[in-house]
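Colleague: Structure file start15.cif, mmCIF, C-alpha atoms and all ligand atoms, is pasted below:
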data_upload
loop_
_atom_site.label_atom_id
_atom_site.label_comp_id
_atom_site.auth_asym_id
_atom_site.auth_seq_id
_atom_site.Cartn_x
_atom_site.Cartn_y
_atom_site.Cartn_z
CA MET E 14 -47.41 -23.01 -4.37
CA GLU E 15 -44.33 -23.48 -6.51
CA ASP E 16 -41.65 -20.75 -6.76
CA ILE E 17 -41.07 -19.00 -10.08
CA CYS E 18 -37.49 -18.42 -11.20
CA ILE E 19 -36.12 -15.48 -13.13
CA TYR E 20 -33.29 -16.58 -15.37
CA SER E 21 -30.25 -14.79 -16.69
CA GLY E 22 -29.24 -17.09 -19.52
CA GLU E 23 -29.23 -20.57 -18.00
CA ALA E 24 -28.62 -19.35 -14.45
CA VAL E 25 -31.30 -18.60 -11.86
CA ALA E 26 -30.96 -14.86 -11.15
CA GLY E 27 -33.78 -14.58 -8.62
CA ARG E 28 -36.87 -16.31 -7.27
CA ILE E 29 -40.46 -15.33 -6.70
CA VAL E 30 -41.80 -17.07 -3.62
CA PHE E 31 -45.48 -17.36 -2.70
CA GLY E 32 -47.11 -17.89 0.64
CA HIS E 33 -49.88 -16.99 2.98
CA GLY E 34 -48.86 -14.33 5.49
CA LEU E 35 -45.53 -12.91 6.60
CA PRO E 36 -44.25 -16.06 8.41
CA GLY E 37 -43.34 -17.41 4.93
CA VAL E 38 -40.59 -14.77 4.71
CA GLY E 39 -38.57 -16.84 7.20
CA GLN E 40 -38.44 -19.85 4.88
CA ALA E 41 -37.50 -17.66 1.92
CA LEU E 42 -34.64 -16.18 3.95
CA ALA E 43 -33.52 -19.60 5.13
CA HIS E 44 -32.81 -20.41 1.44
CA CYS E 45 -30.33 -17.53 1.37
CA THR E 46 -28.24 -18.85 4.23
CA GLY E 47 -25.39 -21.19 3.51
CA SER E 48 -21.87 -22.32 4.32
CA GLY E 49 -22.63 -22.34 8.05
CA LYS E 50 -22.44 -18.51 8.31
CA THR E 51 -25.19 -16.46 9.91
CA LEU E 52 -27.06 -14.29 7.37
CA PRO E 53 -27.00 -10.62 8.52
CA VAL E 54 -30.34 -9.05 7.54
CA TYR E 55 -30.95 -5.29 7.38
CA LEU E 56 -34.65 -4.49 7.33
CA VAL E 57 -35.63 -1.39 5.33
CA TYR E 58 -39.27 -0.41 5.39
CA ASP E 59 -41.76 2.28 4.46
CA THR E 60 -42.92 3.86 7.73
CA GLY E 61 -46.44 3.69 6.26
CA VAL E 62 -46.34 -0.10 6.72
CA SER E 63 -44.49 -0.19 10.03
CA GLY E 64 -47.37 -2.29 11.39
CA PHE E 65 -45.77 -5.29 9.61
CA VAL E 66 -42.39 -4.79 11.29
CA PRO E 67 -43.05 -6.47 14.70
CA VAL E 68 -44.34 -9.61 12.90
CA LEU E 69 -41.25 -9.67 10.69
CA GLU E 70 -38.96 -9.21 13.70
CA THR E 71 -40.59 -12.26 15.32
CA VAL E 72 -40.27 -14.24 12.08
CA LEU E 73 -36.60 -13.34 11.69
CA SER E 74 -35.73 -14.11 15.30
CA GLY E 75 -37.32 -17.54 14.86
CA THR E 76 -35.43 -18.37 11.64
CA ALA E 77 -32.29 -20.43 12.10
CA GLY E 78 -29.15 -18.98 10.54
CA VAL E 79 -30.62 -15.47 10.23
CA LYS E 80 -29.78 -12.42 12.35
CA LEU E 81 -31.66 -9.13 12.22
CA CYS E 82 -28.83 -6.57 12.44
CA GLY E 83 -30.83 -3.37 12.13
CA LYS E 84 -34.00 -1.73 10.88
CA TYR E 85 -34.44 1.49 8.95
CA GLY E 86 -37.85 3.12 8.45
CA MET E 87 -38.25 5.79 5.79
CA PRO E 88 -41.28 7.89 4.90
CA VAL E 89 -41.86 7.12 1.24
CA SER E 90 -43.26 9.28 -1.54
CA GLU E 91 -42.48 9.98 -5.19
CA ASP E 92 -40.77 13.21 -4.03
CA SER E 93 -38.49 11.34 -1.63
CA LYS E 94 -37.45 8.84 -4.32
CA THR E 95 -34.10 10.57 -4.67
CA MET E 96 -30.38 9.92 -4.65
CA SER E 97 -30.20 11.68 -1.32
CA SER E 98 -32.59 9.10 0.23
CA VAL E 99 -30.46 6.31 -1.24
CA LEU E 100 -27.31 7.92 0.21
CA GLY E 101 -29.08 8.15 3.60
CA LEU E 102 -29.80 4.44 3.41
CA ALA E 103 -26.24 3.62 2.34
CA GLY E 104 -24.94 5.78 5.22
CA TRP E 105 -27.10 3.83 7.65
CA LEU E 106 -25.76 0.50 6.33
CA LEU E 107 -22.21 1.79 6.71
CA GLY E 108 -22.94 3.05 10.24
CA CYS E 109 -24.29 -0.40 11.14
CA GLY E 110 -21.08 -1.97 9.85
CA ALA E 111 -22.88 -3.96 7.15
CA ASP E 112 -20.36 -6.05 5.22
CA ARG E 113 -20.46 -7.84 1.85
CA ASN E 114 -22.49 -10.70 3.37
CA ALA E 115 -25.38 -8.37 4.21
CA LEU E 116 -28.86 -8.91 2.86
CA VAL E 117 -31.16 -5.87 2.63
CA LEU E 118 -34.79 -6.88 3.11
CA ALA E 119 -37.10 -4.19 1.73
CA VAL E 120 -40.71 -4.02 2.88
CA GLY E 121 -43.15 -1.64 1.21
CA GLY E 122 -44.41 -0.58 -2.19
CA GLY E 123 -42.51 -0.07 -5.42
CA ILE E 124 -40.78 3.15 -4.33
CA THR E 125 -39.34 1.39 -1.28
CA THR E 126 -38.21 -1.68 -3.22
CA ASP E 127 -36.74 0.45 -6.05
CA MET E 128 -34.71 2.57 -3.61
CA ALA E 129 -33.59 -0.24 -1.31
CA GLY E 130 -32.65 -2.42 -4.30
CA PHE E 131 -30.63 0.44 -5.77
CA ALA E 132 -28.87 1.24 -2.47
CA ALA E 133 -28.01 -2.46 -1.99
CA SER E 134 -26.76 -2.64 -5.59
CA ILE E 135 -24.21 0.14 -5.12
CA TYR E 136 -23.29 -0.37 -1.45
CA LYS E 137 -19.80 -1.92 -1.35
CA ARG E 138 -20.30 -2.60 -5.10
CA GLY E 139 -23.37 -4.65 -4.40
CA VAL E 140 -24.82 -6.68 -1.54
CA ARG E 141 -27.79 -9.02 -1.74
CA PHE E 142 -31.35 -7.80 -1.36
CA ALA E 143 -34.85 -9.25 -1.22
CA TYR E 144 -38.34 -7.80 -1.31
CA VAL E 145 -41.59 -8.13 0.60
CA PRO E 146 -43.89 -5.93 -1.52
CA THR E 147 -46.96 -4.69 0.32
CA THR E 148 -48.95 -3.19 -2.58
CA LEU E 149 -50.61 -5.03 -5.45
CA LEU E 150 -48.74 -2.84 -7.92
CA ALA E 151 -45.37 -3.84 -6.47
CA GLN E 152 -46.42 -7.51 -6.21
CA VAL E 153 -47.31 -7.87 -9.88
CA ASP E 154 -44.89 -5.38 -11.41
CA ALA E 155 -42.44 -3.09 -9.58
CA ALA E 156 -40.82 -5.69 -7.30
CA ILE E 157 -40.33 -8.20 -10.11
CA GLY E 158 -37.75 -8.00 -12.87
CA GLY E 159 -34.87 -6.16 -11.22
CA LYS E 160 -35.47 -2.52 -12.19
CA THR E 161 -34.16 -0.36 -9.32
CA GLY E 162 -33.53 3.36 -9.12
CA VAL E 163 -34.58 6.87 -8.22
CA ASN E 164 -36.02 9.97 -9.86
CA PHE E 165 -33.58 12.64 -11.07
CA GLU E 166 -34.05 16.19 -12.42
CA SER E 167 -37.84 15.75 -12.70
CA TYR E 168 -37.43 12.51 -14.70
CA LYS E 169 -38.87 9.35 -13.17
CA ASN E 170 -36.43 6.49 -12.56
CA MET E 171 -33.66 8.26 -14.47
CA LEU E 172 -30.83 6.84 -12.31
CA GLY E 173 -30.78 3.15 -11.59
CA ILE E 174 -29.61 -0.30 -12.39
CA ILE E 175 -31.19 -3.63 -13.33
CA ARG E 176 -30.24 -6.22 -10.73
CA GLN E 177 -32.39 -9.10 -9.51
CA PRO E 178 -33.44 -9.51 -5.86
CA GLU E 179 -32.57 -12.83 -4.23
CA PHE E 180 -36.30 -13.30 -3.83
CA THR E 181 -39.57 -11.45 -3.96
CA TYR E 182 -42.04 -12.81 -1.42
CA LEU E 183 -45.69 -12.49 -2.44
CA CYS E 184 -48.64 -13.04 -0.14
CA PRO E 185 -52.18 -11.64 -0.50
CA GLU E 186 -52.70 -11.04 3.24
CA VAL E 187 -50.67 -7.80 3.26
CA LEU E 188 -53.06 -6.34 0.67
CA GLU E 189 -56.11 -6.54 2.92
CA THR E 190 -55.37 -3.17 4.53
CA LEU E 191 -54.52 -1.47 1.24
CA PRO E 192 -56.82 1.50 0.43
CA GLU E 193 -59.20 0.67 -2.43
CA ARG E 194 -57.66 3.26 -4.74
CA ASP E 195 -54.17 1.77 -4.26
CA PHE E 196 -55.52 -1.74 -4.80
CA MET E 197 -57.15 -0.64 -8.06
CA SER E 198 -53.92 1.06 -9.15
CA GLY E 199 -52.21 -2.35 -8.94
CA ALA E 200 -55.22 -3.98 -10.59
CA ALA E 201 -54.44 -2.06 -13.79
CA GLU E 202 -50.97 -3.68 -13.92
CA LEU E 203 -52.51 -7.08 -13.12
CA VAL E 204 -54.92 -6.83 -16.07
CA LYS E 205 -52.08 -5.47 -18.24
CA SER E 206 -50.12 -8.69 -17.63
CA PHE E 207 -52.98 -10.80 -18.95
CA LEU E 208 -53.52 -8.57 -21.98
CA ILE E 209 -49.87 -9.31 -22.80
CA GLU E 210 -50.17 -13.07 -22.17
CA ASP E 211 -53.68 -14.32 -21.56
CA GLY E 212 -53.74 -18.03 -20.74
CA GLY E 213 -57.39 -17.61 -19.64
CA TRP E 214 -56.44 -15.19 -16.85
CA TYR E 215 -57.70 -11.99 -18.47
CA GLY E 216 -61.38 -12.96 -18.10
CA LYS E 217 -60.74 -14.27 -14.56
CA SER E 218 -59.08 -11.01 -13.53
CA VAL E 219 -61.95 -8.90 -14.91
CA ALA E 220 -64.50 -11.10 -13.07
CA PHE E 221 -62.49 -10.89 -9.81
CA LEU E 222 -62.21 -7.10 -10.01
CA SER E 223 -65.89 -6.75 -10.83
CA ASP E 224 -66.70 -8.73 -7.65
CA TYR E 225 -64.23 -6.59 -5.69
CA ARG E 226 -65.89 -3.44 -7.03
CA HIS E 227 -69.30 -4.58 -5.84
CA ALA E 228 -68.15 -5.87 -2.45
CA ALA E 229 -69.37 -3.61 0.34
CA ASP E 230 -66.50 -4.63 2.65
CA LYS E 231 -63.29 -4.78 0.57
CA LYS E 232 -61.17 -6.12 3.42
CA ALA E 233 -63.59 -8.96 4.11
CA PHE E 234 -63.82 -9.73 0.38
CA LEU E 235 -60.03 -9.97 0.02
CA ASN E 236 -59.89 -12.11 3.13
CA THR E 237 -62.48 -14.53 1.75
CA CYS E 238 -60.88 -14.63 -1.73
CA ARG E 239 -57.24 -14.97 -0.64
CA GLY E 240 -56.76 -18.15 -2.65
CA THR E 241 -58.09 -16.67 -5.91
CA LEU E 242 -56.12 -13.47 -5.45
CA LEU E 243 -52.90 -15.40 -4.87
CA GLU E 244 -53.52 -17.42 -8.06
CA LEU E 245 -54.03 -14.20 -10.04
CA ILE E 246 -50.90 -12.64 -8.53
CA ARG E 247 -48.89 -15.77 -9.32
CA ALA E 248 -50.15 -15.86 -12.91
CA ALA E 249 -49.23 -12.18 -13.43
CA ALA E 250 -45.81 -12.74 -11.83
CA ALA E 251 -45.28 -15.69 -14.19
CA VAL E 252 -45.99 -13.47 -17.22
CA LYS E 253 -43.44 -10.92 -16.06
CA ALA E 254 -40.83 -13.51 -15.06
CA SER E 255 -40.98 -15.25 -18.43
CA ILE E 256 -40.55 -11.97 -20.32
CA VAL E 257 -37.72 -10.71 -18.10
CA SER E 258 -35.97 -14.08 -18.41
CA VAL E 259 -35.64 -13.63 -22.17
CA ASP E 260 -34.92 -9.89 -22.18
CA GLN E 261 -33.70 -8.67 -18.81
CA PHE E 262 -32.24 -5.42 -20.19
CA GLU E 263 -35.22 -4.39 -22.33
CA THR E 264 -33.84 -4.54 -25.84
CA GLY E 265 -36.98 -6.11 -27.31
CA GLU E 266 -39.48 -8.46 -25.69
CA ARG E 267 -39.52 -6.61 -22.34
CA ARG E 268 -40.91 -3.53 -24.10
CA LYS E 269 -44.26 -5.35 -24.14
CA LEU E 270 -44.50 -4.72 -20.39
CA ASN E 271 -44.83 -1.03 -21.25
CA LEU E 272 -48.33 -1.64 -22.65
CA GLY E 273 -50.28 1.56 -21.93
CA HIS E 274 -47.25 3.22 -20.34
CA THR E 275 -46.28 5.70 -23.08
CA PHE E 276 -49.71 7.31 -22.78
CA ALA E 277 -49.69 6.81 -19.00
CA HIS E 278 -46.41 8.67 -18.48
CA ALA E 279 -47.71 11.58 -20.58
CA ILE E 280 -50.97 11.62 -18.59
CA GLU E 281 -49.04 11.55 -15.30
CA LYS E 282 -46.79 14.38 -16.48
CA ASN E 283 -49.80 16.50 -17.46
CA ALA E 284 -51.45 15.70 -14.13
CA ARG E 285 -48.33 16.80 -12.22
CA MET E 286 -48.17 20.09 -14.15
CA ARG E 287 -51.83 20.84 -13.43
CA GLY E 288 -51.76 19.58 -9.83
CA ASP E 289 -54.29 16.83 -10.66
CA ASP E 290 -54.40 13.61 -8.66
CA ILE E 291 -54.05 10.55 -10.92
CA THR E 292 -52.44 7.31 -9.74
CA HIS E 293 -49.98 5.39 -11.91
CA GLY E 294 -52.45 2.54 -12.32
CA GLU E 295 -55.26 4.88 -13.34
CA ALA E 296 -52.98 6.38 -16.00
CA VAL E 297 -51.93 2.89 -17.17
CA SER E 298 -55.55 1.80 -17.41
CA ILE E 299 -56.44 4.83 -19.57
CA GLY E 300 -53.22 4.30 -21.55
CA ILE E 301 -54.12 0.69 -22.37
CA VAL E 302 -57.49 1.77 -23.79
CA MET E 303 -55.73 4.49 -25.81
CA ALA E 304 -53.27 1.89 -27.13
CA ALA E 305 -56.21 -0.29 -28.21
CA GLU E 306 -57.84 2.70 -29.90
CA LEU E 307 -54.59 3.51 -31.71
CA SER E 308 -54.35 -0.15 -32.79
CA ALA E 309 -57.82 0.10 -34.30
CA ARG E 310 -57.00 3.38 -36.10
CA LEU E 311 -53.94 1.68 -37.59
CA GLY E 312 -56.11 -1.22 -38.76
CA LEU E 313 -54.40 -3.63 -36.35
CA ALA E 314 -57.43 -4.24 -34.11
CA SER E 315 -61.17 -4.31 -34.64
CA GLN E 316 -63.48 -1.66 -33.24
CA ASP E 317 -65.37 -4.56 -31.61
CA PHE E 318 -62.28 -5.39 -29.58
CA VAL E 319 -61.94 -1.77 -28.45
CA SER E 320 -65.62 -1.76 -27.41
CA SER E 321 -65.32 -5.02 -25.47
CA LEU E 322 -62.13 -3.79 -23.75
CA ASN E 323 -63.96 -0.60 -22.71
CA ALA E 324 -66.86 -2.68 -21.37
CA ASP E 325 -64.48 -5.00 -19.45
CA PHE E 326 -62.63 -2.07 -17.90
CA LYS E 327 -65.90 -0.47 -16.89
CA ALA E 328 -67.06 -3.72 -15.27
CA ALA E 329 -63.71 -4.06 -13.48
CA GLY E 330 -63.82 -0.47 -12.21
CA LEU E 331 -60.78 0.56 -14.29
CA PRO E 332 -60.85 4.05 -15.83
CA SER E 333 -60.70 4.43 -19.62
CA GLU E 334 -61.43 8.11 -20.37
CA CYS E 335 -58.39 10.34 -20.90
CA PRO E 336 -58.99 13.61 -18.99
CA TYR E 337 -56.72 15.61 -21.35
CA PRO E 338 -56.90 16.44 -25.05
CA VAL E 339 -54.64 14.04 -26.91
CA GLU E 340 -52.57 16.82 -28.53
CA GLU E 341 -51.50 17.87 -25.02
CA LEU E 342 -50.00 14.42 -24.51
CA ALA E 343 -47.92 14.43 -27.74
CA GLU E 344 -45.20 16.74 -26.40
CA ALA E 345 -44.77 14.70 -23.20
CA MET E 346 -44.77 11.44 -25.18
CA SER E 347 -42.02 12.64 -27.50
CA ARG E 348 -39.92 13.41 -24.41
CA ASP E 349 -40.50 9.94 -22.97
CA LYS E 350 -37.16 8.57 -21.81
CA LYS E 351 -37.78 5.46 -23.91
CA SER E 352 -38.19 7.37 -27.19
CA GLU E 353 -35.31 6.88 -29.64
CA ASP E 354 -34.68 9.69 -32.18
CA GLY E 355 -38.26 10.82 -31.62
CA ILE E 356 -39.62 7.35 -32.40
CA ILE E 357 -41.67 5.58 -29.74
CA HIS E 358 -41.96 1.83 -29.43
CA PHE E 359 -45.76 1.78 -28.99
CA VAL E 360 -47.15 -1.45 -27.59
CA LEU E 361 -50.36 -2.18 -29.48
CA LEU E 362 -52.92 -4.95 -29.03
CA SER E 363 -55.58 -6.70 -31.05
CA ALA E 364 -56.93 -9.15 -28.42
CA PRO E 365 -56.05 -10.38 -24.91
CA GLY E 366 -52.70 -12.12 -25.38
CA ALA E 367 -51.97 -10.50 -28.76
CA VAL E 368 -49.64 -7.51 -28.39
CA MET E 369 -47.14 -6.13 -30.86
CA ILE E 370 -44.53 -3.36 -30.94
CA HIS E 371 -45.18 -0.64 -33.50
CA ASP E 372 -42.61 2.14 -33.98
CA MET E 373 -43.95 5.59 -34.82
CA PRO E 374 -43.45 9.24 -33.83
CA ALA E 375 -45.57 10.50 -30.93
CA SER E 376 -46.99 13.25 -33.13
CA ALA E 377 -48.32 10.70 -35.66
CA ALA E 378 -49.94 8.65 -32.89
CA SER E 379 -51.63 11.67 -31.31
CA ALA E 380 -52.83 12.88 -34.73
CA MET E 381 -54.44 9.49 -35.34
CA LEU E 382 -56.20 9.66 -31.97
CA ASP E 383 -57.39 13.24 -32.42
CA PRO E 384 -61.21 13.14 -32.71
CA ASP E 385 -61.03 16.02 -35.24
CA ASN E 386 -59.06 13.80 -37.62
CA LEU E 387 -61.58 10.95 -37.62
CA SER E 388 -62.88 10.03 -41.04
N1 LIG L 401 -42.47 -2.13 -15.34
C1 LIG L 401 -42.02 -2.65 -16.58
C2 LIG L 401 -40.77 -3.43 -16.46
O1 LIG L 401 -40.37 -3.80 -15.37
O2 LIG L 401 -40.15 -3.73 -17.45
#
Go through the file and emit its structure as structure tokens.
Modeller:
Amino acid sequence: MEDICIYSGEAVAGRIVFGHGLPGVGQALAHCTGSGKTLPVYLVYDTGVSGFVPVLETVLSGTAGVKLCGKYGMPVSEDSKTMSSVLGLAGWLLGCGADRNALVLAVGGGITTDMAGFAASIYKRGVRFAYVPTTLLAQVDAAIGGKTGVNFESYKNMLGIIRQPEFTYLCPEVLETLPERDFMSGAAELVKSFLIEDGGWYGKSVAFLSDYRHAADKKAFLNTCRGTLLELIRAAAAVKASIVSVDQFETGERRKLNLGHTFAHAIEKNARMRGDDITHGEAVSIGIVMAAELSARLGLASQDFVSSLNADFKAAGLPSECPYPVEELAEAMSRDKKSEDGIIHFVLLSAPGAVMIHDMPASAASAMLDPDNLS
């Protein structure tokens, strides 16, 4: 399967590489070697996926021109996504004597890749890094596009930098052991990609997820459907890569990738305050349906589209009902770090592949969605 490039202007800033199984990481790393020097690799991984480490060690030791210089496991959670964890990682690199030729290879979900990418970006003013994402969410979103960083003062991803990994290696095999709820969290971002740019993939993704939902043995299903899953992952990665290539620093086009996210962040904030358990993908899924509803209230989408989206999400096993009254979300939305002078760049949609940015205050959006205000 052909690589996808992420461009910065005319230049290739990073590659997305596809394969079956972890042995493909060796070939991706071999591309990063050059000028006869050995490539010093520092493996950083989420201890929750340490089962992949022995395979990667074997792959690295069998790859010419590559030397595994150290490995660093860290327990990963949203609470540990902090500057202090990044400093711990930087301290480890320094203790290992990592120099400017180092390549940090991060293995795990989006929190791991965000933190390792950030640490590599500031260590000695920046060393190279590459990702092996092990969750669907990281494969189709977090580990693509160069956003790195940590949480700060209760704000998510408040400190960070946009810098592209040398490569992101995507293979469906690592997803076979993913818990169903985590798989479905990534599925929301997968479907989101195809609502932004369809190309026939939206319907295919809904059908795939519906089959996954009904499969009694999820692991066996993913094993049997590896080829289809890899095609879906590649198509979603292509959507993201093409958007990031025209707007790496999110001044316009890249905002489309936030489809459903303004509502999602407010839902997640409410959930945290109440101690409720809602995954990012679940919040995004609900947020997408709310964005479609808002589009309809603004006269930008038909009610038929909203109904068919609801039916698709139900078939795919994606949630669509917001558990909180919409007025409770308004306050959190207005504090969204992406709001500018109280105005939010809402991403609205009228059909799969037809999204638009609509600027309005959070309070106006929540008033339009309030069932009491329906005509
Ligand atoms: N997760 C949205 C973005 O990378 O822009």
Colleague: Give as a ChimeraX atom specification each residue that has an atom at most 12 Å from (-38.7, -5.7, 15.3) in the file, counting only C-alpha atoms.
Modeller: /E:54-58,63-75,80-86
Colleague: Go ahead and dump the residues you just picked, C-alpha atoms, as a PDB file, in the frame of the given file.
Modeller:
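And here's out.pdb as it stands now:
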ATOM      1  CA  VAL E  54     -30.340  -9.050   7.540  1.00  0.00           C
ATOM      2  CA  TYR E  55     -30.950  -5.290   7.380  1.00  0.00           C
ATOM      3  CA  LEU E  56     -34.650  -4.490   7.330  1.00  0.00           C
ATOM      4  CA  VAL E  57     -35.630  -1.390   5.330  1.00  0.00           C
ATOM      5  CA  TYR E  58     -39.270  -0.410   5.390  1.00  0.00           C
ATOM      6  CA  SER E  63     -44.490  -0.190  10.030  1.00  0.00           C
ATOM      7  CA  GLY E  64     -47.370  -2.290  11.390  1.00  0.00           C
ATOM      8  CA  PHE E  65     -45.770  -5.290   9.610  1.00  0.00           C
ATOM      9  CA  VAL E  66     -42.390  -4.790  11.290  1.00  0.00           C
ATOM     10  CA  PRO E  67     -43.050  -6.470  14.700  1.00  0.00           C
ATOM     11  CA  VAL E  68     -44.340  -9.610  12.900  1.00  0.00           C
ATOM     12  CA  LEU E  69     -41.250  -9.670  10.690  1.00  0.00           C
ATOM     13  CA  GLU E  70     -38.960  -9.210  13.700  1.00  0.00           C
ATOM     14  CA  THR E  71     -40.590 -12.260  15.320  1.00  0.00           C
ATOM     15  CA  VAL E  72     -40.270 -14.240  12.080  1.00  0.00           C
ATOM     16  CA  LEU E  73     -36.600 -13.340  11.690  1.00  0.00           C
ATOM     17  CA  SER E  74     -35.730 -14.110  15.300  1.00  0.00           C
ATOM     18  CA  GLY E  75     -37.320 -17.540  14.860  1.00  0.00           C
ATOM     19  CA  LYS E  80     -29.780 -12.420  12.350  1.00  0.00           C
ATOM     20  CA  LEU E  81     -31.660  -9.130  12.220  1.00  0.00           C
ATOM     21  CA  CYS E  82     -28.830  -6.570  12.440  1.00  0.00           C
ATOM     22  CA  GLY E  83     -30.830  -3.370  12.130  1.00  0.00           C
ATOM     23  CA  LYS E  84     -34.000  -1.730  10.880  1.00  0.00           C
ATOM     24  CA  TYR E  85     -34.440   1.490   8.950  1.00  0.00           C
ATOM     25  CA  GLY E  86     -37.850   3.120   8.450  1.00  0.00           C
TER      26      GLY E  86
END
Colleague: Go through E:Ala345, E:Ile246, E:Ala305, E:Leu203 one by one, measure the shortest atom-to-atom distance of each to E:Glu281 using all atoms listed in the file, and give the residue with the smallest value.
Modeller: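 Looking at the shortest contact to E:Glu281, the residue is E:Ala345.
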Colleague: Could you check the closest approach to E:Val117 for each of E:Phe142, E:Tyr20, E:Phe131, E:Phe165 and tell me which residue wins, using only C-alpha atoms?
Modeller: E:Phe142
Colleague: Measuring between all atoms listed in the file, which one of E:Asn323, E:Asn271, E:Ser298, E:Gln177 shows the shortest distance to E:Ile29?
Modeller: E:Gln177
Colleague: Check which residues fall inside 7 Å of ligand LIG 401 (chain L) when counting only C-alpha atoms and all ligand atoms, and print them as a ChimeraX atom specification.
Modeller: /E:154-155,157-158,160,263,267-268,270-271
Colleague: Select, from E:Gly213, E:Pro192, E:Pro178, E:Gly199, the residue with the minimum atom-to-atom distance to E:Arg141, counting only C-alpha atoms.
Modeller: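 Residue with the minimum atom-to-atom distance to E:Arg141: E:Pro178.
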Colleague: When you draw a straight line from atom CA of E:Gly159 to atom CA of E:Ser98, how long is it in Å?
Modeller: 19.2 Å
Colleague: Measuring atom to atom with all atoms listed in the file, identify which of E:Gly130, E:Gly265, E:Gly123, E:Gly216 is nearest to E:Ala329.
Modeller: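 When distances to E:Ala329 are compared using all atoms listed in the file, the smallest one comes from E:Gly216.
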Colleague: For a quick check of your reading of the model, name the residues lying within 12 Å of the coordinate (-20.7, -5.8, -3.4), counting only C-alpha atoms, and write them as a PyMOL selection string.
Modeller: chain E and resi 111-116+131-142
Colleague: Just checking: using all atoms listed in the file, which residue out of E:Gln316, E:Ser363, E:Thr190, E:Thr181 ends up closest to E:Thr126?
Modeller: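 Comparing E:Gln316, E:Ser363, E:Thr190, E:Thr181 against E:Thr126, the winner is E:Thr181.
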Colleague: Which polymer residues have any atom within 9 Å of an atom of E:Glu210, counting all atoms listed in the file, with same-chain residues fewer than 4 positions away left out, as a VMD selection string?
Modeller: chain E and resid 205 to 206 214 to 215 249 252 365 to 368
